[in-house]
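Notes for the one structure printed next.
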Amino acid sequence: MAISAYITLRALQTLAGVDIIACEDTRITRRLTERYAIAAQLKPYHEHNAALARPKILERLAQGASIALVSDAGNTLISDPGFKLVREVCAAGHRVIALPGPSSVLAALAVAALPTDPLLLRGLSAAEGDCATRTADRAFADRCDARHV
């Protein structure tokens, strides 16, 4: 969300309709909420406080609060502690909804409650003679037992 011009209308409507926005850095997200007059309470949720923040978020959900989880930059839950929150929220029986951006694959992964640390997105390989492609293909084959997933 660092570049607020890329945010979708659906995301803005969702953020305007929740009670709490859990975010990596409240200072960054506050710029967005102020720009679009969003009144939701901001609560920090990042790798340094996630273990303490998760139970509080689950408690608020159990009390009926609606909560959005946003990222300062990039896609929420990719390379951040969000998957643990989603896993626990799902386990507690609450509904999780992704607001897809340009990648529906990443949106699906965000709500799958799976760790995203080992994520490797692999598109189509370039020409066979490309050294970087051959190196990436070998690395992919080594990690995935030579199966294309």
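Labels for the structure tokens follow display order: chains A, B, ..., residues from 1 in each chain, ligands from 1.
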Worksheet item: So which residues touch Ile67 of chain A within 8 Å, counting only C-alpha atoms, skipping near sequence neighbours fewer than 6 positions away, as a PyMOL selection string?
Response: chain A and resi 18-22+57+61
Using the selection just defined, write its residues with all heavy atoms as a JSON list (two decimals), in the first residue's frame.
```json
[["chain", "number", "residue", "atom", "x", "y", "z"],
["A", 18, "VAL", "N", -14.35, -1.68, 7.85],
["A", 18, "VAL", "CA", -13.89, -2.53, 8.95],
["A", 18, "VAL", "C", -13.70, -1.71, 10.22],
["A", 18, "VAL", "O", -13.58, -0.49, 10.18],
["A", 18, "VAL", "CB", -12.59, -3.29, 8.61],
["A", 18, "VAL", "CG1", -12.80, -4.22, 7.43],
["A", 18, "VAL", "CG2", -11.43, -2.33, 8.37],
["A", 19, "ASP", "N", -13.66, -2.42, 11.34],
["A", 19, "ASP", "CA", -13.43, -1.77, 12.63],
["A", 19, "ASP", "C", -11.94, -1.50, 12.86],
["A", 19, "ASP", "O", -11.56, -0.48, 13.42],
["A", 19, "ASP", "CB", -13.95, -2.64, 13.77],
["A", 19, "ASP", "CG", -15.43, -2.93, 13.63],
["A", 19, "ASP", "OD1", -16.21, -1.96, 13.47],
["A", 19, "ASP", "OD2", -15.82, -4.12, 13.66],
["A", 20, "ILE", "N", -11.11, -2.47, 12.43],
["A", 20, "ILE", "CA", -9.68, -2.41, 12.70],
["A", 20, "ILE", "C", -8.91, -2.76, 11.43],
["A", 20, "ILE", "O", -9.30, -3.67, 10.69],
["A", 20, "ILE", "CB", -9.29, -3.43, 13.80],
["A", 20, "ILE", "CG1", -9.99, -3.08, 15.12],
["A", 20, "ILE", "CG2", -7.78, -3.49, 14.00],
["A", 20, "ILE", "CD1", -9.93, -4.19, 16.15],
["A", 21, "ILE", "N", -7.81, -2.05, 11.21],
["A", 21, "ILE", "CA", -6.88, -2.41, 10.14],
["A", 21, "ILE", "C", -5.57, -2.82, 10.81],
["A", 21, "ILE", "O", -4.93, -2.00, 11.48],
["A", 21, "ILE", "CB", -6.63, -1.24, 9.18],
["A", 21, "ILE", "CG1", -7.93, -0.80, 8.50],
["A", 21, "ILE", "CG2", -5.57, -1.63, 8.13],
["A", 21, "ILE", "CD1", -7.80, 0.46, 7.66],
["A", 22, "ALA", "N", -5.21, -4.08, 10.66],
["A", 22, "ALA", "CA", -3.93, -4.57, 11.16],
["A", 22, "ALA", "C", -2.91, -4.31, 10.05],
["A", 22, "ALA", "O", -3.13, -4.67, 8.90],
["A", 22, "ALA", "CB", -4.01, -6.06, 11.47],
["A", 57, "ILE", "N", -6.07, -10.07, 18.15],
["A", 57, "ILE", "CA", -6.88, -10.00, 16.93],
["A", 57, "ILE", "C", -7.97, -11.07, 16.96],
["A", 57, "ILE", "O", -9.13, -10.80, 16.66],
["A", 57, "ILE", "CB", -5.99, -10.12, 15.68],
["A", 57, "ILE", "CG1", -5.11, -8.87, 15.54],
["A", 57, "ILE", "CG2", -6.83, -10.36, 14.43],
["A", 57, "ILE", "CD1", -4.04, -8.97, 14.47],
["A", 61, "LEU", "N", -12.03, -10.56, 16.90],
["A", 61, "LEU", "CA", -12.89, -11.25, 15.93],
["A", 61, "LEU", "C", -14.00, -12.00, 16.65],
["A", 61, "LEU", "O", -15.16, -11.98, 16.23],
["A", 61, "LEU", "CB", -12.08, -12.20, 15.05],
["A", 61, "LEU", "CG", -11.22, -11.55, 13.97],
["A", 61, "LEU", "CD1", -10.28, -12.57, 13.36],
["A", 61, "LEU", "CD2", -12.09, -10.91, 12.90]]
```
Practice prompt. Determine which residues of segment 47-114 of chain A receive a DSSP assignment of strand (DSSP E), computed from the backbone, and state them as a PyMOL selection string.
Written response: chain A and resi 67-70
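Nearest to Asp25 of chain A of all the residues A:Ser66, A:Gln41, A:Ser71, A:Gln13 is A:Ser71, based on only C-alpha atoms.
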Worksheet item: Within 8 Å of Ala98 of chain A, counting only C-alpha atoms, which residues qualify if same-chain residues fewer than 5 places away don't, as a PyMOL selection string?
Response: chain A and resi 107-108+110-111
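For the set A:Leu32, A:Leu12, A:Leu85, A:Leu58, the residue with the smallest atom-to-atom gap to Leu114 of chain A is A:Leu85, counting only C-alpha atoms.
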Worksheet item: Ala50 of chain A: which residues within 12 Å, counting only C-alpha atoms, same-chain residues fewer than 4 positions away excluded, as JSON, numbers by chain?
Response: {"A": [22, 23, 24, 43, 44, 45, 46, 54, 55, 56, 57, 58, 80, 81, 82, 83, 84, 85, 86, 88]}
Worksheet item: Nearest to Ala92 of chain A: which of A:Ala62, A:Ile38, A:Ala11, A:Gly17 is it, counting only C-alpha atoms?
Response: A:Ala62
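Picture a line from atom CA of Leu109 of chain A to atom CA of Ile97 of chain A; it runs 11.4 Å.
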